[in-house]
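Scroll down for the structure; my scribbles are underneath it.
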Amino acid sequence: MVKRKNLALIYNLRRHYPDPKDPRSNLEADFDDPPTIGWMIKHLKKIGYNVIPIEADEKAYLKIYRHRKSIDLAFDFSFGLWGENKYGHIPGMLEMLRIPFATSSSFTRNLTLNKVKMKQILAANNIPTLPFQVFKNKSDVKIKKLPYPLIVKPIAQGSSAGITNKSIVKRDKELERQINFINTIFNTPAFVEPFLDFREFSVPLLGNPPRILPIIEPDFSLLPKKYRHIDSLEVKWIFEEQEETNYLVCPAKLSGTIKNKIEKVALATWDALEINDICRIDMRTDRNENLYVLDVNAPPGLIPPEVSMTSYFPLAARAAGIEYEELLKIILNSAIKRYRL
């Protein structure tokens, strides 16, 4: 009989569902709801793993250390609790304890979290990304260099945290308001870049070397007028989950030229950031179809279909004929192959 591998699933549990009217919920936007983790555990057991669930709270290291000799492989699905390097906390623990794990290294996780450092790496590798500016407080608006319209984001957050309809600004007063909001809620500087109101693409990559799954494009024409054309908290966590529309087009309708451009940029980004196993890269075009990398999600959200049918990566996988349990197998087998287990 083949021995079932012991898999540590490491995750953050959400207590407040993302709500643009509740600033507290922004701090947990990256986390997962209990049903998501529950269904992930069920699927992981069905594909042959003994699952050791470990919540990535302040006692996470003690739990991982206690189980270190029995863990064959970890699935790091955590996003950390505090600080601008929080994405790297759990992978750093796993690296220190020499526990093999799926998803990217602590170095790469922190790069993808910090928008400034990520853009510097991309620019150094000639990967197209937009100019940006960092504002420590609202009085810095007097040294603004970029033309309006602009979009204001936290410097180190994911899952649309801190991004709402108000994030797109067209004048100094609005910029000051959003900088102050970011400073207050996240206790970090605000990250500001030009806002491109054109096409947006989410590009899923899977395996080592990576395979590009069907590309996703949101159809902004289907959004109610009250929503701006961005992946905001309102759109991501309210509209996409409550409206029965084909808002997410997958595969995106692309010419050969733009498709080749997207794939080339995606693969170059994967290599430059030294990503492992899985990621999703968000890009936008300008009016001339020049392409720019906006964000990198490594790992991306993986909400099971029993909970949501709009989670981007599983949606793209289904479009490629890969059901959820097969997707989990591919992610974990990619890590197993990397570690030669």
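Following the order of the structure tokens, first chain is A, next is B, and so on, with residues numbered from 1 inside each chain and ligands from 1 in the order they appear.
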Please tabulate, as JSON lines, the residues of region 192-234 of chain A that come within 12 Å of region 165-178 of chain A, each with its closest pair of atoms and the distance in Å to one decimal, counting only C-alpha atoms and ordering rows by chain, then residue number upward.
{"residue": "A:Val192", "atom": "CA", "partner": "A:Leu175", "partner_atom": "CA", "distance": 9.1}
{"residue": "A:Glu193", "atom": "CA", "partner": "A:Ile168", "partner_atom": "CA", "distance": 9.9}
{"residue": "A:Pro194", "atom": "CA", "partner": "A:Ile168", "partner_atom": "CA", "distance": 9.2}
{"residue": "A:Phe195", "atom": "CA", "partner": "A:Ile168", "partner_atom": "CA", "distance": 7.1}
{"residue": "A:Leu196", "atom": "CA", "partner": "A:Ile168", "partner_atom": "CA", "distance": 10.1}
{"residue": "A:Asp197", "atom": "CA", "partner": "A:Ile168", "partner_atom": "CA", "distance": 10.3}
{"residue": "A:Lys225", "atom": "CA", "partner": "A:Asn165", "partner_atom": "CA", "distance": 11.1}
{"residue": "A:Lys226", "atom": "CA", "partner": "A:Asn165", "partner_atom": "CA", "distance": 8.4}
{"residue": "A:Tyr227", "atom": "CA", "partner": "A:Asn165", "partner_atom": "CA", "distance": 6.5}
{"residue": "A:Arg228", "atom": "CA", "partner": "A:Asn165", "partner_atom": "CA", "distance": 5.6}
{"residue": "A:His229", "atom": "CA", "partner": "A:Asn165", "partner_atom": "CA", "distance": 8.7}
{"residue": "A:Ile230", "atom": "CA", "partner": "A:Asn165", "partner_atom": "CA", "distance": 8.0}
{"residue": "A:Asp231", "atom": "CA", "partner": "A:Asn165", "partner_atom": "CA", "distance": 9.5}
{"residue": "A:Ser232", "atom": "CA", "partner": "A:Asn165", "partner_atom": "CA", "distance": 6.8}
{"residue": "A:Leu233", "atom": "CA", "partner": "A:Asn165", "partner_atom": "CA", "distance": 8.4}
{"residue": "A:Glu234", "atom": "CA", "partner": "A:Asn165", "partner_atom": "CA", "distance": 7.6}
Taking C-alpha atoms for each residue, export the selection above as a PDB file, in the first residue's frame.
ATOM      1  CA  VAL A 192       0.146  55.975  -6.794  1.00  0.00           C
ATOM      2  CA  GLU A 193       0.331  55.259 -10.519  1.00  0.00           C
ATOM      3  CA  PRO A 194      -1.492  56.401 -13.694  1.00  0.00           C
ATOM      4  CA  PHE A 195      -4.962  54.973 -14.177  1.00  0.00           C
ATOM      5  CA  LEU A 196      -5.482  53.316 -17.558  1.00  0.00           C
ATOM      6  CA  ASP A 197      -9.176  52.967 -18.407  1.00  0.00           C
ATOM      7  CA  LYS A 225     -22.627  52.791 -13.775  1.00  0.00           C
ATOM      8  CA  LYS A 226     -21.980  53.133 -10.034  1.00  0.00           C
ATOM      9  CA  TYR A 227     -18.850  50.966 -10.351  1.00  0.00           C
ATOM     10  CA  ARG A 228     -15.514  52.247 -11.682  1.00  0.00           C
ATOM     11  CA  HIS A 229     -13.618  50.077 -14.176  1.00  0.00           C
ATOM     12  CA  ILE A 230     -11.264  48.514 -11.661  1.00  0.00           C
ATOM     13  CA  ASP A 231     -11.068  45.314  -9.641  1.00  0.00           C
ATOM     14  CA  SER A 232     -12.225  47.145  -6.512  1.00  0.00           C
ATOM     15  CA  LEU A 233     -13.598  45.731  -3.276  1.00  0.00           C
ATOM     16  CA  GLU A 234     -17.085  46.599  -4.572  1.00  0.00           C
TER      17      GLU A 234
END
Practice problem: Could you check how far CA of Ile278 (chain A) sits from CA of Ile163 (chain A), in Å to one decimal? | Solution: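 Interatomic distance, CA of Ile278 (chain A) to CA of Ile163 (chain A): 24.1 Å.
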Quiz item: Out of A:Pro147, A:Pro214, A:Pro209, A:Gly38, which residue has the shortest atom-to-atom distance to Gly321 (chain A) when counting only C-alpha atoms?
Solution: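 Checking each of A:Pro147, A:Pro214, A:Pro209, A:Gly38 against Gly321 (chain A), counting only C-alpha atoms, the winner is A:Pro214.
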Practice problem: Point out the residue among A:Lys63, A:Phe31, A:Pro300, A:Ile330 with the least atom-to-atom distance to His16 (chain A), counting only C-alpha atoms. | Solution: A:Phe31
Quiz item: Counting only C-alpha atoms, which of A:Asn180, A:Ser202, A:Thr103, A:Asn208 gets nearest to Lys136 (chain A)?
Solution: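 Selected residue with least distance to Lys136 (chain A): A:Asn180.
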Exercise. Could you give me, as a ChimeraX atom specification, the residues within 12 Å of region 80-86 of chain A, counting only C-alpha atoms and dropping anything in the same chain fewer than 2 positions from it?
Key: /A:10-14,27-31,55-61,76-78,88-93,106-117,154-158,186-189
Quiz item: Of the candidates A:Arg15, A:Lys253, A:Arg280, A:Arg211, which one gets nearest to Ser334 (chain A) if we count only C-alpha atoms?
Solution: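 For Ser334 (chain A), the nearest of the candidates is A:Arg211.
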Quiz item: Just how far from CA of Ile71 (chain A) is CA of Ile99 (chain A), in Å to one decimal?
Solution: 7.3 Å
Quiz item: So which residues of region 202-260 of chain A fall under helix (DSSP H, G or I) by DSSP, listed as a PyMOL selection string?
Solution: chain A and resi 220-222+233-242+256-260
